[in-house]
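Below you'll find the structure, written out as structure tokens, and then a few comments.
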Amino acid sequence: MIHPRHFLLPGLCLVLSGAPALSATGAELHLGQGVLSGEVTDSSVLVQTRLTTAMELDENGDLPGAPGWVRFEWSEREDFTDSSFTEGGEAKAEHDFIVREALTGLKAGTRYFFRPQYGPKVTALQTGDTATFKTLPGATAETRVNFIVTSCMNYMKFMHGKKGRASGPVTATEDDKRLGFPAFVAMKKLEADFFVGTGDIVYYDNPMRMAETLPELRRCWHEQFRFPRMIDYFREVPTYWSKDDHDFRYNDSDNSSDRLPMSDTGIGLFKEQLPIAPMDDADAPTYRTHRVSRDLQIWMTEGRDYRSDNLMEDGPGKTQWGTEQRDWLKRTLKESDAKWKILITPTPMVGPDDAYKKDNHTNLGGFRHEADEFFAWLDENEIENFFTICGDRHWQYHSIHPSGVEEFACGALNDENSRMGVNPGSKKGTDPEALIEQPYTSPKPGGGFLHLSAGENLEVKFYDDQGTLLYEIKK
């Protein structure tokens with residue numbers, strides 16, 4: 001709930017930004033992971049920050065949290081005249097010292113500014129750096145919209161190269177290891193309206209260091225989201241997030257084993273760490289759709305929570321989405337009158353992929369039946385201008401399914417996590433008969449991302465992690 005306030009509460013003392021606030025234990029309070037905005041709509045957004053005891057990792061490679069109190073000031077004006085404040089809340093250990101609140105009643109297509117105010121208690125606050133987001137234009141707006149899609153940010157490979165089991169070229173410099181993934185510098189120059197992280201945001205299961213307990217899992221988020229380049233980027237760009245196997249449990253994981261971390265832990269922790277749903281809404285589904293503009297609607301699916309066991313025989317009873325999500329997807333696609341309908345999925349639906357896998361919709365013996373049935377449904381219901389964007393695969397490609405559905409794979413974000421792809425016709429792939437047409441695939445291993453621009457036409461551009469344009473297509 002939002003309360004406009006143009007005055008200070010009785011006894012409230014705001015400490016200027018440069019003066020360090022102290023926790024109840026005497027430790028300084030910091031915002032070591034910056035701020036995030038997420039799930040922006042044409043009238044609302046979630047904003048969050050995490051209180052920490054420092055800005056740098058400690059001797060254990062972690063960024064410890066700290067108790068305190070946080071609220072957010074927000075305004076249409078960058079100087080925060082005529083501003084409003086959220087209710088505020090406590091940074092508690094049970095939520096990893098993260099405070100997340102909703103701003104509602106916002107104007108469509110409008111630039112807003114916000115900043116956290118934080119301290120050991122409500123009567124002693126200091127003000128953090130200014131951040132910004134722009135609300136979605138909305139279903140009637142003819143505005144052109146630009147956004148970025150990424151996947152597979154592998155911290156251990158990035159920081160430790162071959163020792164971290166790098167699969168691609170080791171290019172991270174010492175400055176990169178201090179500042180973070182170079183792709184965020186390149187992405188910032190494109191001034192996207194929003195950012196989509198489609199799974200494998202962190203890796204719990206790098207062989208160099210397996211994370212299983214709650215403190216170990218949380219550390220994966222702390223060590224990565226404290227990178228200055230990420231803090232700088234997310235200060236200006238709102239986000240949407242989906243999870244995949246590595247930020248759920250472990251490689252190709254489903255819900256069937258007793259191996260740690262358990263699936264309930266992975267599901268809950270993803271919602272804890274990222275602004276996907278209100279912190280107190282543990283049952284909120286992580287599949288959703290957003291009508292961005294007159295021309296664009298996006299869908300983001302959940303691929304882990306509801307899936308059948310990977311090793312179950314493929315057929316009508318096997319599902320990666322679950323019946324409820326699958327029905328929702330079909331219903332909302334039929335209801336949409338957006339020109340461009342884009343499904344952003346953590347795993348591929350077209351591929352090709354490796355033949356040995358049984359984890360996704362492309363895999364022989366995996367979930368191929370559900371994908372084929374869905375593609376047939378799209379054709380029968382004349383769903384036009386539908387495209388898929390996928391993460392998970394560590395190379396970029398543009399592929400066209402025999403049904404006509406086109407898929408764009410964003411690839412791994414960093415060089416060290418990249419690899420060569422699987423081509424149509426490969427006997428080691430899921431398309432041994434070369435039925436898939438592939439206008440583009442990465443010519444060599446390398447990190448990168450996708451940039452999409454949607455208006456009356458749709459532009460899809462593939463970039464490497466330095467911002468070099470590799471391939472583009474216009475519809």
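Going through the structure tokens in order, the chains are called A, B, and so on, while each chain numbers its residues from 1 and the ligands are numbered from 1 in the order shown.
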
*Write down as a ChimeraX atom specification the residues of stretch 109-329 of chain A whose backbone DSSP state falls under helix (DSSP H, G or I).*
/A:155-164,174-179,183-188,214-225,228-234,263-273,323-329

Output the selection as a short mmCIF file (atom, residue, chain, number, x, y, z; two decimals), in the first residue's frame - C-alpha atoms for each residue.
data_model
loop_
_atom_site.label_atom_id
_atom_site.label_comp_id
_atom_site.auth_asym_id
_atom_site.auth_seq_id
_atom_site.Cartn_x
_atom_site.Cartn_y
_atom_site.Cartn_z
CA TYR A 155 30.02 -16.56 -11.80
CA MET A 156 32.50 -19.34 -11.09
CA LYS A 157 33.55 -19.77 -14.71
CA PHE A 158 33.82 -16.00 -15.07
CA MET A 159 35.93 -15.53 -11.95
CA HIS A 160 38.09 -18.68 -12.13
CA GLY A 161 38.32 -19.58 -15.82
CA LYS A 162 39.43 -23.14 -16.48
CA LYS A 163 39.60 -23.82 -12.75
CA GLY A 164 35.91 -22.90 -12.65
CA GLU A 174 41.16 -8.44 -13.49
CA ASP A 175 39.05 -5.29 -13.93
CA ASP A 176 36.17 -7.45 -15.19
CA LYS A 177 36.45 -9.69 -12.14
CA ARG A 178 36.23 -6.62 -9.93
CA LEU A 179 33.45 -4.84 -11.85
CA ALA A 183 27.92 -7.43 -21.26
CA PHE A 184 26.25 -5.04 -18.81
CA VAL A 185 28.36 -2.19 -20.17
CA ALA A 186 27.30 -3.02 -23.73
CA MET A 187 23.65 -3.48 -22.76
CA LYS A 188 23.50 -0.14 -20.97
CA LEU A 214 20.36 -22.09 2.50
CA PRO A 215 23.42 -19.93 3.40
CA GLU A 216 25.35 -21.47 0.50
CA LEU A 217 22.51 -20.85 -1.95
CA ARG A 218 22.05 -17.26 -0.83
CA ARG A 219 25.76 -16.62 -1.16
CA CYS A 220 25.48 -17.33 -4.92
CA TRP A 221 23.14 -14.34 -5.22
CA HIS A 222 25.17 -12.08 -2.93
CA GLU A 223 28.51 -12.60 -4.66
CA GLN A 224 27.10 -11.89 -8.11
CA PHE A 225 24.62 -9.08 -7.55
CA PRO A 228 29.27 -2.63 -9.71
CA ARG A 229 28.30 -3.07 -13.37
CA MET A 230 25.16 -4.96 -12.40
CA ILE A 231 24.24 -2.43 -9.71
CA ASP A 232 24.77 0.40 -12.20
CA TYR A 233 22.67 -1.31 -14.89
CA PHE A 234 19.73 -2.33 -12.74
CA SER A 263 12.72 -28.30 -4.96
CA ASP A 264 10.69 -26.36 -2.36
CA THR A 265 13.88 -24.58 -1.33
CA GLY A 266 14.73 -23.66 -4.91
CA ILE A 267 11.23 -22.39 -5.63
CA GLY A 268 11.07 -20.28 -2.48
CA LEU A 269 14.57 -18.86 -2.75
CA PHE A 270 14.07 -17.62 -6.31
CA LYS A 271 11.02 -15.63 -5.18
CA GLU A 272 12.95 -14.36 -2.17
CA GLN A 273 15.92 -13.04 -4.10
CA THR A 323 -1.94 -28.70 -17.17
CA GLU A 324 -2.95 -25.43 -15.49
CA GLN A 325 -0.08 -23.43 -16.99
CA ARG A 326 -0.54 -24.98 -20.43
CA ASP A 327 -4.24 -24.14 -20.45
CA TRP A 328 -3.47 -20.60 -19.27
CA LEU A 329 -0.92 -20.14 -22.05
#

*DSSP strand (DSSP E) selection over stretch 212-298 of chain A, as a list in words*: Thr239, Tyr240, Trp241, Ser242, Arg288, Thr289, His290, Arg291, Leu296, Gln297 and Ile298 of chain A

_Within 9 Å of A:Arg77 using only C-alpha atoms, minus same-chain residues under 5 positions, as JSON, numbers by chain_ = {"A": [82, 83, 111, 112, 113]}

Selection above as a file: C-alpha atoms, as a PDB file, in the first residue's frame:
ATOM      1  CA  ASP A  82       6.238  16.294  -4.851  1.00  0.00           C
ATOM      2  CA  SER A  83       7.393  12.804  -3.819  1.00  0.00           C
ATOM      3  CA  ARG A 111       9.400   7.781 -16.206  1.00  0.00           C
ATOM      4  CA  TYR A 112       9.629   7.484 -12.406  1.00  0.00           C
ATOM      5  CA  PHE A 113      12.505   7.941  -9.994  1.00  0.00           C
TER       6      PHE A 113
END

*For A:Ile201, list every protein, DNA or RNA residue within 8 Å, evaluated using only C-alpha atoms, and leave out those in the same chain fewer than 2 positions away; present the list as an NGL selection string.*
:A and (151-154 or 197-199 or 203 or 243 or 246-247)

*asked:* Residues near A:Pro67, anyone? I mean within 10 Å using only C-alpha atoms, not counting same-chain ones fewer than 2 positions away, as a PyMOL selection string.
replied: chain A and resi 23-25+29+50-53+65+69-70+90-93+96-98+119-121

Can those selected residues be exported to a file as an mmCIF file, in the first residue's frame so that it contains N, CA and C atoms?
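Once everything was written out, this is selection_10.cif:
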data_model
loop_
_atom_site.group_PDB
_atom_site.id
_atom_site.type_symbol
_atom_site.label_atom_id
_atom_site.label_comp_id
_atom_site.auth_asym_id
_atom_site.auth_seq_id
_atom_site.Cartn_x
_atom_site.Cartn_y
_atom_site.Cartn_z
ATOM 1 N N SER A 23 23.943 -0.162 12.381
ATOM 2 C CA SER A 23 22.952 -1.121 12.835
ATOM 3 C C SER A 23 22.940 -1.184 14.346
ATOM 4 N N ALA A 24 22.010 -1.972 14.875
ATOM 5 C CA ALA A 24 21.912 -2.117 16.331
ATOM 6 C C ALA A 24 23.178 -2.711 16.928
ATOM 7 N N THR A 25 23.936 -3.443 16.111
ATOM 8 C CA THR A 25 25.177 -4.053 16.594
ATOM 9 C C THR A 25 26.373 -3.122 16.432
ATOM 10 N N LEU A 29 25.708 0.202 7.927
ATOM 11 C CA LEU A 29 24.714 -0.323 7.007
ATOM 12 C C LEU A 29 25.014 0.155 5.591
ATOM 13 N N ARG A 50 18.586 -4.711 -0.422
ATOM 14 C CA ARG A 50 19.040 -5.589 0.651
ATOM 15 C C ARG A 50 20.040 -4.839 1.514
ATOM 16 N N LEU A 51 19.810 -4.828 2.810
ATOM 17 C CA LEU A 51 20.755 -4.201 3.726
ATOM 18 C C LEU A 51 21.944 -5.130 3.958
ATOM 19 N N THR A 52 23.159 -4.579 3.876
ATOM 20 C CA THR A 52 24.382 -5.362 4.064
ATOM 21 C C THR A 52 25.313 -4.646 5.034
ATOM 22 N N THR A 53 26.299 -5.382 5.516
ATOM 23 C CA THR A 53 27.276 -4.801 6.446
ATOM 24 C C THR A 53 28.471 -4.198 5.728
ATOM 25 N N GLY A 65 24.223 -9.870 5.360
ATOM 26 C CA GLY A 65 23.134 -8.926 5.494
ATOM 27 C C GLY A 65 23.103 -8.315 6.876
ATOM 28 N N TRP A 69 15.772 -1.018 8.750
ATOM 29 C CA TRP A 69 14.455 -0.584 8.282
ATOM 30 C C TRP A 69 14.628 0.157 6.969
ATOM 31 N N VAL A 70 13.738 -0.098 6.016
ATOM 32 C CA VAL A 70 13.839 0.499 4.685
ATOM 33 C C VAL A 70 12.466 0.986 4.227
ATOM 34 N N GLU A 90 10.825 -3.866 7.776
ATOM 35 C CA GLU A 90 12.064 -4.329 8.405
ATOM 36 C C GLU A 90 12.850 -5.239 7.474
ATOM 37 N N ALA A 91 14.153 -5.097 7.492
ATOM 38 C CA ALA A 91 15.061 -6.039 6.832
ATOM 39 C C ALA A 91 15.347 -7.149 7.834
ATOM 40 N N LYS A 92 14.805 -8.340 7.553
ATOM 41 C CA LYS A 92 14.868 -9.442 8.508
ATOM 42 C C LYS A 92 15.697 -10.597 7.963
ATOM 43 N N ALA A 93 16.298 -11.336 8.870
ATOM 44 C CA ALA A 93 17.104 -12.492 8.482
ATOM 45 C C ALA A 93 16.266 -13.531 7.742
ATOM 46 N N ASP A 96 16.443 -12.823 4.222
ATOM 47 C CA ASP A 96 17.801 -12.485 3.790
ATOM 48 C C ASP A 96 18.029 -10.976 3.804
ATOM 49 N N PHE A 97 17.336 -10.269 4.681
ATOM 50 C CA PHE A 97 17.485 -8.821 4.869
ATOM 51 C C PHE A 97 17.086 -8.025 3.626
ATOM 52 N N ILE A 98 16.204 -8.618 2.807
ATOM 53 C CA ILE A 98 15.671 -7.951 1.623
ATOM 54 C C ILE A 98 14.341 -7.300 1.980
ATOM 55 N N GLY A 119 18.058 2.609 7.464
ATOM 56 C CA GLY A 119 18.786 2.835 8.696
ATOM 57 C C GLY A 119 18.467 1.762 9.704
ATOM 58 N N PRO A 120 19.006 1.898 10.914
ATOM 59 C CA PRO A 120 18.756 0.883 11.942
ATOM 60 C C PRO A 120 17.311 0.892 12.427
ATOM 61 N N LYS A 121 16.629 2.020 12.270
ATOM 62 C CA LYS A 121 15.228 2.129 12.684
ATOM 63 C C LYS A 121 14.592 3.279 11.932
#

*Identify which of the residues A:Arg165, A:Glu191, A:Pro182, A:Tyr250 lies closest to A:Met210, counting only C-alpha atoms when measuring atom-to-atom distances.*
A:Tyr250

*Considering only C-alpha atoms, return as number ranges by chain whatever protein or nucleic-acid residues lie within 8 Å of A:His361, sequence-local ones (same chain, fewer than 2 positions apart) excluded.*
A: 320, 347-350, 359, 363, 366-371

*Measure the distance from atom CA of A:Phe462 to atom CA of A:Arg291 in Å and round it to one decimal.*
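Computing it gives 23.7 Å between the two atoms.
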
_Excluding A:Ala277 and its own-chain neighbours fewer than 4 positions away, which residues fall within 10 Å of it when counting only C-alpha atoms? Please give them as a PyMOL selection string._
chain A and resi 38-39+45-46+100-102+271-272+281-286

Same residues, N, CA and C atoms, output as a short mmCIF file (atom, residue, chain, number, x, y, z; two decimals), in the first residue's frame:
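The resulting file, again29.cif, is reproduced below:
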data_model
loop_
_atom_site.label_atom_id
_atom_site.label_comp_id
_atom_site.auth_asym_id
_atom_site.auth_seq_id
_atom_site.Cartn_x
_atom_site.Cartn_y
_atom_site.Cartn_z
N GLY A 38 11.19 -4.54 -10.58
CA GLY A 38 10.78 -5.73 -11.32
C GLY A 38 9.28 -5.78 -11.56
N GLU A 39 8.90 -6.60 -12.55
CA GLU A 39 7.50 -6.84 -12.90
C GLU A 39 6.75 -5.53 -13.14
N VAL A 45 4.85 -1.47 -10.08
CA VAL A 45 6.20 -2.04 -10.14
C VAL A 45 6.55 -2.53 -8.74
N LEU A 46 7.45 -3.51 -8.66
CA LEU A 46 8.03 -3.93 -7.38
C LEU A 46 9.43 -3.35 -7.28
N ARG A 100 11.14 -5.55 0.02
CA ARG A 100 10.50 -5.37 -1.30
C ARG A 100 9.12 -4.77 -1.11
N GLU A 101 8.80 -3.74 -1.90
CA GLU A 101 7.49 -3.11 -1.80
C GLU A 101 6.94 -2.82 -3.19
N ALA A 102 5.63 -2.67 -3.26
CA ALA A 102 4.96 -2.37 -4.53
C ALA A 102 4.62 -0.89 -4.61
N LYS A 271 11.98 -16.71 -5.47
CA LYS A 271 11.02 -15.63 -5.18
C LYS A 271 11.55 -14.69 -4.10
N GLU A 272 12.38 -15.21 -3.21
CA GLU A 272 12.95 -14.36 -2.17
C GLU A 272 13.95 -13.37 -2.75
N ASP A 281 3.90 -13.28 -0.69
CA ASP A 281 3.02 -14.07 -1.56
C ASP A 281 3.77 -15.31 -2.06
N ALA A 282 3.93 -16.29 -1.17
CA ALA A 282 4.71 -17.48 -1.50
C ALA A 282 4.07 -18.33 -2.58
N ASP A 283 2.76 -18.19 -2.78
CA ASP A 283 2.05 -19.03 -3.74
C ASP A 283 1.89 -18.38 -5.11
N ALA A 284 2.45 -17.20 -5.30
CA ALA A 284 2.32 -16.52 -6.59
C ALA A 284 2.95 -17.35 -7.70
N PRO A 285 2.24 -17.59 -8.80
CA PRO A 285 2.84 -18.36 -9.90
C PRO A 285 3.93 -17.54 -10.58
N THR A 286 4.93 -18.22 -11.09
CA THR A 286 6.01 -17.52 -11.78
C THR A 286 5.85 -17.61 -13.30
#

*Quick one: of A:Asn60, A:Ser37, A:Gly88, A:Glu76, who's nearest to A:Phe195, counting only C-alpha atoms?*
A:Ser37

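Separating atom CA of A:Lys474 from atom CA of A:Glu459 is a distance of 4.5 Å.
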
*asked:* Report, in Å with one decimal, the straight-line distance from atom CA of A:Thr388 to atom CA of A:Pro278.
replied: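 Distance reported for this atom pair: 27.5 Å.
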
*Quick one: of A:Asp193, A:Glu380, A:Asp354, A:Asp372, who's nearest to A:Val40, counting only C-alpha atoms?*
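Closest candidate: A:Asp193.
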
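In this comparison, which uses only C-alpha atoms, the residue of A:Gly455, A:Gly138, A:Pro445, A:Gly34 approaching A:His290 most closely is A:Gly138.
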
*With only C-alpha atoms as the atoms that count, which of A:Glu212, A:Asp200, A:Glu78, A:Glu302 lies nearest to A:Gly411?*
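So, comparing all the options, the nearest one is A:Asp200.
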
*Of the candidates A:Gln297, A:Gln396, A:Thr319, A:Asn423, which one gets nearest to A:Ala139 if we count only C-alpha atoms?*
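Of A:Gln297, A:Gln396, A:Thr319, A:Asn423, the one nearest A:Ala139 is A:Gln297, counting only C-alpha atoms.
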